[in-house]
$ cat target.tsv   # TSV, C-alpha atoms
chain	number	residue	atom	x	y	z
A	5	MET	CA	-38.98	150.15	177.77
A	6	SER	CA	-38.01	153.67	176.81
A	7	GLY	CA	-39.99	156.42	178.46
A	8	ASN	CA	-40.61	157.85	175.01
A	9	GLN	CA	-43.71	156.65	173.23
A	10	PRO	CA	-43.16	157.36	169.53
A	11	GLU	CA	-45.94	157.35	167.02
A	12	GLU	CA	-46.71	154.19	165.13
A	13	PRO	CA	-44.05	153.71	162.41
A	14	GLU	CA	-45.15	155.04	159.04
A	15	GLY	CA	-45.32	152.84	155.97
A	16	ALA	CA	-41.98	152.18	154.29
A	17	ASP	CA	-40.52	149.61	151.97
A	18	ILE	CA	-38.86	146.75	153.78
A	19	PRO	CA	-35.58	145.11	152.73
A	20	THR	CA	-35.89	142.25	150.28
A	21	GLY	CA	-35.34	138.66	151.30
A	22	LEU	CA	-36.38	138.96	154.92
A	23	ARG	CA	-37.50	135.87	156.82
A	24	VAL	CA	-39.75	136.42	159.83
A	25	VAL	CA	-40.87	133.98	162.51
A	26	VAL	CA	-44.47	134.57	163.57
A	27	ALA	CA	-45.20	132.76	166.82
A	28	GLY	CA	-48.90	132.18	167.38
A	29	ALA	CA	-49.43	132.32	163.64
A	30	SER	CA	-52.76	130.50	163.33
A	31	GLY	CA	-54.79	133.05	165.31
A	32	ALA	CA	-56.47	136.09	163.79
A	33	SER	CA	-53.58	138.43	164.59
A	34	GLY	CA	-51.03	135.91	163.35
A	35	LYS	CA	-52.82	135.48	160.04
A	36	ALA	CA	-53.11	139.24	159.59
A	37	VAL	CA	-49.42	139.82	160.37
A	38	THR	CA	-48.36	136.99	158.07
A	39	ALA	CA	-50.45	138.37	155.22
A	40	ALA	CA	-48.98	141.86	155.62
A	41	LEU	CA	-45.43	140.52	155.65
A	42	ARG	CA	-46.10	138.35	152.60
A	43	ARG	CA	-47.55	141.31	150.67
A	44	ALA	CA	-44.36	143.23	151.48
A	45	GLY	CA	-42.25	140.39	150.05
A	46	ALA	CA	-41.03	138.72	153.24
A	47	GLY	CA	-40.92	135.00	153.78
A	48	VAL	CA	-42.72	133.80	156.91
A	49	ILE	CA	-42.03	130.94	159.29
A	50	ALA	CA	-45.46	130.37	160.83
A	51	VAL	CA	-45.32	128.64	164.21
A	52	GLY	CA	-48.26	127.26	166.13
A	53	SER	CA	-49.24	124.48	168.49
A	54	ASN	CA	-51.94	122.94	166.28
A	55	ALA	CA	-51.02	121.32	162.97
A	56	GLU	CA	-54.56	121.37	161.58
A	57	ARG	CA	-55.06	125.06	162.30
A	58	LEU	CA	-51.75	125.85	160.61
A	59	ARG	CA	-52.73	123.74	157.60
A	60	GLN	CA	-56.08	125.51	157.31
A	61	ALA	CA	-54.41	128.92	157.53
A	62	TYR	CA	-51.42	128.39	155.24
A	63	GLY	CA	-51.66	125.09	153.45
A	64	ASP	CA	-51.59	126.59	149.93
A	65	ASP	CA	-49.05	129.38	150.50
A	66	ASP	CA	-45.59	128.28	149.43
A	67	GLY	CA	-44.16	131.50	150.88
A	68	VAL	CA	-45.04	130.35	154.38
A	69	ALA	CA	-43.17	127.52	156.10
A	70	THR	CA	-45.21	126.06	158.94
A	71	PHE	CA	-43.84	124.50	162.11
A	72	VAL	CA	-45.69	122.88	164.99
A	73	CYS	CA	-43.93	123.60	168.26
A	74	ASP	CA	-44.72	123.83	171.97
A	75	LEU	CA	-43.08	127.18	172.63
A	76	ALA	CA	-43.15	126.57	176.38
A	77	ASP	CA	-40.73	123.66	175.83
A	78	ARG	CA	-37.19	125.07	175.78
A	79	VAL	CA	-35.69	122.02	174.04
A	80	ALA	CA	-38.37	122.06	171.34
A	81	VAL	CA	-37.81	125.77	170.70
A	82	GLU	CA	-34.05	125.28	170.41
A	83	GLY	CA	-34.77	122.61	167.81
A	84	LEU	CA	-37.08	124.97	165.96
A	85	ALA	CA	-34.41	127.68	165.89
A	86	ALA	CA	-31.88	125.19	164.54
A	87	ASP	CA	-34.29	124.16	161.78
A	88	VAL	CA	-34.92	127.79	160.85
A	89	LEU	CA	-31.19	128.53	160.82
A	90	ALA	CA	-30.61	125.58	158.49
A	91	ARG	CA	-33.19	127.06	156.12
A	92	GLY	CA	-31.50	130.47	156.02
A	93	GLY	CA	-32.14	131.96	159.45
A	94	ALA	CA	-34.58	134.52	160.81
A	95	ASP	CA	-34.54	138.31	160.58
A	96	GLY	CA	-37.57	138.81	162.77
A	97	LEU	CA	-39.50	137.27	165.65
A	98	ILE	CA	-43.06	138.43	166.16
A	99	HIS	CA	-44.41	136.95	169.38
A	100	LEU	CA	-48.22	136.79	169.30
A	101	VAL	CA	-48.75	134.03	171.85
A	102	GLY	CA	-51.14	135.30	174.49
A	103	GLY	CA	-54.34	134.81	176.40
A	104	TRP	CA	-56.49	136.47	179.03
A	105	ARG	CA	-57.55	135.36	182.48
A	106	GLY	CA	-59.23	137.57	185.05
A	107	GLY	CA	-60.68	137.16	188.54
A	108	LYS	CA	-62.68	138.90	191.24
A	109	GLY	CA	-60.27	141.11	193.15
A	110	ILE	CA	-56.87	140.21	194.51
A	111	THR	CA	-58.07	137.10	196.33
A	112	GLY	CA	-59.69	135.91	193.11
A	113	GLN	CA	-56.36	135.73	191.26
A	114	SER	CA	-55.95	131.97	191.04
A	115	ASP	CA	-52.72	130.02	190.77
A	116	GLU	CA	-54.18	128.16	187.78
A	117	ASP	CA	-54.75	131.41	185.91
A	118	TRP	CA	-51.29	132.68	186.85
A	119	ASP	CA	-49.67	129.48	185.60
A	120	PHE	CA	-51.58	129.78	182.31
A	121	LEU	CA	-50.60	133.41	181.80
A	122	HIS	CA	-47.00	132.94	182.86
A	123	ARG	CA	-46.62	129.99	180.48
A	124	ASN	CA	-48.16	131.76	177.49
A	125	LEU	CA	-47.00	135.35	177.99
A	126	VAL	CA	-43.61	134.93	179.65
A	127	THR	CA	-42.19	131.41	179.25
A	128	THR	CA	-42.85	131.25	175.50
A	129	LEU	CA	-41.28	134.70	175.08
A	130	ARG	CA	-38.18	133.81	177.07
A	131	ASN	CA	-37.74	130.57	175.14
A	132	THR	CA	-38.16	132.05	171.68
A	133	THR	CA	-36.05	135.17	172.22
A	134	ARG	CA	-33.20	133.19	173.75
A	135	ALA	CA	-33.24	130.62	170.96
A	136	PHE	CA	-33.46	133.15	168.12
A	137	TYR	CA	-31.32	135.89	169.67
A	138	PRO	CA	-28.12	135.01	167.75
A	139	GLN	CA	-29.99	135.07	164.44
A	140	LEU	CA	-31.71	138.39	165.17
A	141	ALA	CA	-28.52	140.02	166.47
A	142	SER	CA	-26.56	139.01	163.37
A	143	SER	CA	-29.27	140.07	160.90
A	144	LYS	CA	-28.96	143.36	159.04
A	145	CYS	CA	-32.58	144.04	159.99
A	146	GLY	CA	-33.27	142.06	163.15
A	147	ARG	CA	-36.60	142.81	164.81
A	148	ALA	CA	-38.34	141.30	167.83
A	149	ALA	CA	-41.80	142.47	168.84
A	150	ILE	CA	-44.57	141.60	171.26
A	151	VAL	CA	-48.08	142.89	171.75
A	152	SER	CA	-48.63	144.22	175.25
A	153	SER	CA	-51.55	145.88	176.98
A	154	THR	CA	-52.54	149.25	178.35
A	155	ALA	CA	-53.33	147.24	181.51
A	156	VAL	CA	-49.62	147.41	182.41
A	157	GLY	CA	-49.97	151.12	183.08
A	158	SER	CA	-53.43	150.95	184.64
A	159	ALA	CA	-53.60	147.62	186.43
A	160	THR	CA	-56.75	146.63	188.28
A	161	ALA	CA	-57.33	144.18	191.11
A	162	GLY	CA	-59.40	141.94	188.87
A	163	GLY	CA	-56.71	141.82	186.19
A	164	ALA	CA	-53.69	141.59	188.50
A	165	ASN	CA	-52.41	138.25	187.16
A	166	TYR	CA	-52.71	139.43	183.57
A	167	ALA	CA	-51.12	142.85	184.09
A	168	ALA	CA	-48.25	141.35	186.08
A	169	ALA	CA	-47.49	138.79	183.37
A	170	LYS	CA	-47.62	141.46	180.66
A	171	ALA	CA	-45.31	143.69	182.74
A	172	ALA	CA	-42.86	140.82	183.04
A	173	ALA	CA	-42.93	140.33	179.28
A	174	GLU	CA	-42.26	144.03	178.74
A	175	SER	CA	-39.35	143.92	181.16
A	176	TRP	CA	-37.90	140.98	179.26
A	177	MET	CA	-38.12	142.97	176.03
A	178	GLN	CA	-36.29	145.86	177.66
A	179	SER	CA	-33.48	143.47	178.51
A	180	LEU	CA	-33.50	142.17	174.94
A	181	ALA	CA	-33.18	145.75	173.68
A	182	ASP	CA	-30.20	146.26	175.98
A	183	GLY	CA	-28.64	143.10	174.58
A	184	PHE	CA	-28.94	144.42	171.03
A	185	GLU	CA	-27.39	147.75	172.07
A	186	ARG	CA	-24.49	145.94	173.71
A	187	GLU	CA	-23.93	144.03	170.47
A	188	ARG	CA	-23.75	147.35	168.62
A	189	LYS	CA	-21.27	148.83	171.09
A	190	ALA	CA	-19.12	145.70	170.92
A	191	ALA	CA	-19.00	146.03	167.13
A	192	GLU	CA	-17.84	149.63	167.50
A	193	LYS	CA	-15.12	148.59	169.92
A	194	ASP	CA	-13.94	145.78	167.64
A	195	THR	CA	-13.75	147.91	164.49
A	196	GLY	CA	-12.93	151.30	165.98
A	197	ARG	CA	-15.65	152.80	163.79
A	198	PRO	CA	-19.25	153.87	164.44
A	199	ALA	CA	-21.60	150.91	164.15
A	200	PRO	CA	-25.23	151.53	163.22
A	201	ALA	CA	-27.98	149.78	165.16
A	202	ARG	CA	-29.22	146.78	163.21
A	203	ALA	CA	-31.53	144.95	165.64
A	204	ALA	CA	-34.42	146.27	167.70
A	205	ALA	CA	-36.77	144.96	170.37
A	206	VAL	CA	-40.16	146.66	170.44
A	207	VAL	CA	-43.38	146.54	172.47
A	208	LEU	CA	-46.61	147.35	170.62
A	209	VAL	CA	-49.34	148.38	173.05
A	210	VAL	CA	-53.09	147.88	172.63
A	211	LYS	CA	-56.14	147.93	174.85
A	212	ALA	CA	-57.35	144.78	173.10
A	213	LEU	CA	-57.45	143.39	169.57
A	214	VAL	CA	-60.47	142.94	167.35
A	215	ASP	CA	-61.01	141.14	164.06
A	216	ASP	CA	-63.87	140.64	161.61
A	217	GLY	CA	-64.88	137.35	163.21
A	218	MET	CA	-65.35	139.06	166.56
A	219	ARG	CA	-67.47	141.77	164.95
A	220	ARG	CA	-69.66	139.21	163.23
A	221	ALA	CA	-70.11	137.30	166.49
A	222	GLU	CA	-71.14	140.44	168.40
A	223	PRO	CA	-72.53	142.92	165.85
A	224	GLU	CA	-74.07	145.05	168.61
A	225	LYS	CA	-70.73	145.62	170.37
A	226	ALA	CA	-68.80	148.84	169.66
A	227	PHE	CA	-65.31	147.53	170.55
A	228	ASP	CA	-64.36	151.05	171.64
A	229	GLY	CA	-60.61	151.54	171.87
A	230	PHE	CA	-59.82	148.15	170.38
A	231	THR	CA	-57.10	147.86	167.74
A	232	ASP	CA	-57.95	146.01	164.55
A	233	VAL	CA	-55.58	143.17	163.71
A	234	ALA	CA	-55.06	144.80	160.29
A	235	GLN	CA	-53.60	147.89	162.01
A	236	LEU	CA	-51.38	145.67	164.13
A	237	ALA	CA	-50.22	143.84	161.01
A	238	GLU	CA	-49.31	147.08	159.25
A	239	ALA	CA	-47.39	148.28	162.30
A	240	VAL	CA	-45.43	145.03	162.46
A	241	LYS	CA	-44.57	145.20	158.76
A	242	ASN	CA	-43.42	148.81	159.12
A	243	LEU	CA	-40.95	147.85	161.87
A	244	PHE	CA	-38.77	146.34	159.16
A	245	GLY	CA	-38.77	149.58	157.15
A	246	THR	CA	-37.89	151.79	160.13
A	247	PRO	CA	-34.27	152.24	161.31
A	248	ALA	CA	-33.43	150.11	164.33
A	249	ALA	CA	-32.08	153.14	166.18
A	250	ASP	CA	-35.56	154.68	166.05
A	251	LEU	CA	-37.17	151.56	167.51
A	252	ASN	CA	-34.95	149.71	169.93
A	253	GLY	CA	-36.34	149.76	173.45
A	254	HIS	CA	-39.48	151.67	172.53
A	255	ARG	CA	-43.04	151.06	173.68
A	256	ILE	CA	-45.33	152.10	170.81
A	257	PRO	CA	-49.05	152.63	171.38
A	258	LEU	CA	-51.47	151.40	168.73
A	259	VAL	CA	-54.53	152.54	170.67
$ encode --input "target.tsv" --output "structure tokens"
Amino acid sequence: MSGNQPEEPEGADIPTGLRVVVAGASGASGKAVTAALRRAGAGVIAVGSNAERLRQAYGDDDGVATFVCDLADRVAVEGLAADVLARGGADGLIHLVGGWRGGKGITGQSDEDWDFLHRNLVTTLRNTTRAFYPQLASSKCGRAAIVSSTAVGSATAGGANYAAAKAAAESWMQSLADGFERERKAAEKDTGRPAPARAAAVVLVVKALVDDGMRRAEPEKAFDGFTDVAQLAEAVKNLFGTPAADLNGHRIPLV
């Protein structure tokens, strides 16, 4: 992403009528992000792999449409994007699908762990961004965001699989940002007039995330340097109130 690391976007009103896909919506971060977007007036398409967990999280919220989808299945994701388009389309894609696997040194980086991380961190991102790209690029406020890790810039032997998968995801987002910029330049060429940036791809960087459930489970733990899911949620919401030109291609620390 861009070498610049801007501060976390400040709070701002977001445009009315936005519809945002939250992938990995039934986890703690997904629920926090969905709640922040709903409070700001956005509609949310909550996507997860477990129907019961989605029902427990959003069953009574008529502002949240829930979809069960295996995001590692390209055909299934294309079907999801078609369903969302038929319901009005998406202005945002917040990719919160993740996971952690570590090992002892370089020789302890197993193929099984790599396959797990690649599937969850990279394959699901490639599938969702490719499927929803036309909707995000045509939106007046298109936003795509992932949560990455400080491990990308300070990789260790024990976390090599994880850091490599996160780095691949960040590289993919850089390419997505370039795609949005090319769309803007094409619009300028077609009209002969300056075209403002409308879509942005962003990487939000944390050491790790923490939520109230984790604190209750380990009350003695300090969670030093961790980012609360509420802070992540606010940062995601603020992406939609910040000009795309100030965001596209940026790597924003939330640490």
$ residues_around --input "target.tsv" --residues "A:Asp95" --least-positions-apart "4" --cutoff "8 Å" --atoms "all atoms listed in the file" --output "JSON, numbers by chain"
{"A": [22, 23, 24, 25, 139, 140, 143, 144, 145, 146, 147]}
$ atom_distance --input "target.tsv" --atom1 "atom CA of A:Ala237" --atom2 "atom CA of A:Arg57"
19.4 Å
$ closest_residue --input "target.tsv" --among "A:Asp182, A:Asp215, A:Asp119, A:Glu222" --to "A:Gly103" --atoms "all atoms listed in the file"
A:Asp119
$ closest_residue --input "target.tsv" --among "A:Ala27, A:Leu129, A:Ala61, A:Ala46" --to "A:Gly245" --atoms "only C-alpha atoms"
A:Ala46
$ closest_residue --input "target.tsv" --among "A:Asp64, A:Glu224, A:Glu174, A:Asp77" --to "A:His254" --atoms "only C-alpha atoms"
A:Glu174
$ residues_around --input "target.tsv" --residues "A:Pro247" --least-positions-apart "2" --cutoff "12 Å" --atoms "all atoms listed in the file" --output "VMD selection string"
chain A and resid 13 to 14 16 to 19 144 to 147 200 to 205 242 to 245 249 to 252
$ write_last_selection --input "target.tsv" --atoms "C-alpha atoms" --output "CSV table (one decimal), in the frame of the given file"
chain,number,residue,atom,x,y,z
A,13,PRO,CA,-44.0,153.7,162.4
A,14,GLU,CA,-45.2,155.0,159.0
A,16,ALA,CA,-42.0,152.2,154.3
A,17,ASP,CA,-40.5,149.6,152.0
A,18,ILE,CA,-38.9,146.8,153.8
A,19,PRO,CA,-35.6,145.1,152.7
A,144,LYS,CA,-29.0,143.4,159.0
A,145,CYS,CA,-32.6,144.0,160.0
A,146,GLY,CA,-33.3,142.1,163.2
A,147,ARG,CA,-36.6,142.8,164.8
A,200,PRO,CA,-25.2,151.5,163.2
A,201,ALA,CA,-28.0,149.8,165.2
A,202,ARG,CA,-29.2,146.8,163.2
A,203,ALA,CA,-31.5,145.0,165.6
A,204,ALA,CA,-34.4,146.3,167.7
A,205,ALA,CA,-36.8,145.0,170.4
A,242,ASN,CA,-43.4,148.8,159.1
A,243,LEU,CA,-41.0,147.8,161.9
A,244,PHE,CA,-38.8,146.3,159.2
A,245,GLY,CA,-38.8,149.6,157.2
A,249,ALA,CA,-32.1,153.1,166.2
A,250,ASP,CA,-35.6,154.7,166.0
A,251,LEU,CA,-37.2,151.6,167.5
A,252,ASN,CA,-35.0,149.7,169.9
$ atom_distance --input "target.tsv" --atom1 "atom CA of A:Glu192" --atom2 "atom CA of A:Ser179"
20.1 Å
$ atom_distance --input "target.tsv" --atom1 "atom CA of A:Phe71" --atom2 "atom CA of A:Val151"
21.2 Å
$ residues_around --input "target.tsv" --residues "A:Phe230" --least-positions-apart "3" --cutoff "10 Å" --atoms "all atoms listed in the file" --output "list in words"
Val210, Lys211, Ala212, Leu213, Val214, Asp215, Ala226, Phe227, Val233, Leu258 and Val259 of chain A
$ closest_residue --input "target.tsv" --among "A:Gly45, A:Pro223, A:Gly93, A:Gly52" --to "A:Asp74" --atoms "only C-alpha atoms"
A:Gly52
$ closest_residue --input "target.tsv" --among "A:Gly34, A:Gly183, A:Gly106, A:Gly196" --to "A:Ala159" --atoms "only C-alpha atoms"
A:Gly106
$ residues_around --input "target.tsv" --residues "A:Val240" --least-positions-apart "4" --cutoff "10 Å" --atoms "all atoms listed in the file" --output "list of chain:residue names"
A:Glu12, A:Pro13, A:Val37, A:Thr38, A:Ala40, A:Leu41, A:Ile98, A:Arg147, A:Ala148, A:Ala149, A:Ile150, A:Val151, A:Val206, A:Leu208, A:Ala234, A:Gln235, A:Leu236, A:Phe244, A:Gly245
$ residues_around --input "target.tsv" --residues "A:Gly102" --least-positions-apart "6" --cutoff "10 Å" --atoms "only C-alpha atoms" --output "short mmCIF file (atom, residue, chain, number, x, y, z; two decimals) with C-alpha atoms, in the frame of the given file"
data_model
loop_
_atom_site.label_atom_id
_atom_site.label_comp_id
_atom_site.auth_asym_id
_atom_site.auth_seq_id
_atom_site.Cartn_x
_atom_site.Cartn_y
_atom_site.Cartn_z
CA GLY A 28 -48.90 132.18 167.38
CA PHE A 120 -51.58 129.78 182.31
CA LEU A 121 -50.60 133.41 181.80
CA HIS A 122 -47.00 132.94 182.86
CA ARG A 123 -46.62 129.99 180.48
CA ASN A 124 -48.16 131.76 177.49
CA LEU A 125 -47.00 135.35 177.99
CA VAL A 126 -43.61 134.93 179.65
CA THR A 128 -42.85 131.25 175.50
CA LEU A 129 -41.28 134.70 175.08
CA ILE A 150 -44.57 141.60 171.26
CA VAL A 151 -48.08 142.89 171.75
CA SER A 152 -48.63 144.22 175.25
CA LYS A 170 -47.62 141.46 180.66
#
$ closest_residue --input "target.tsv" --among "A:Ile110, A:Leu97, A:Ala39, A:Leu180" --to "A:Ala161" --atoms "all atoms listed in the file"
A:Ile110
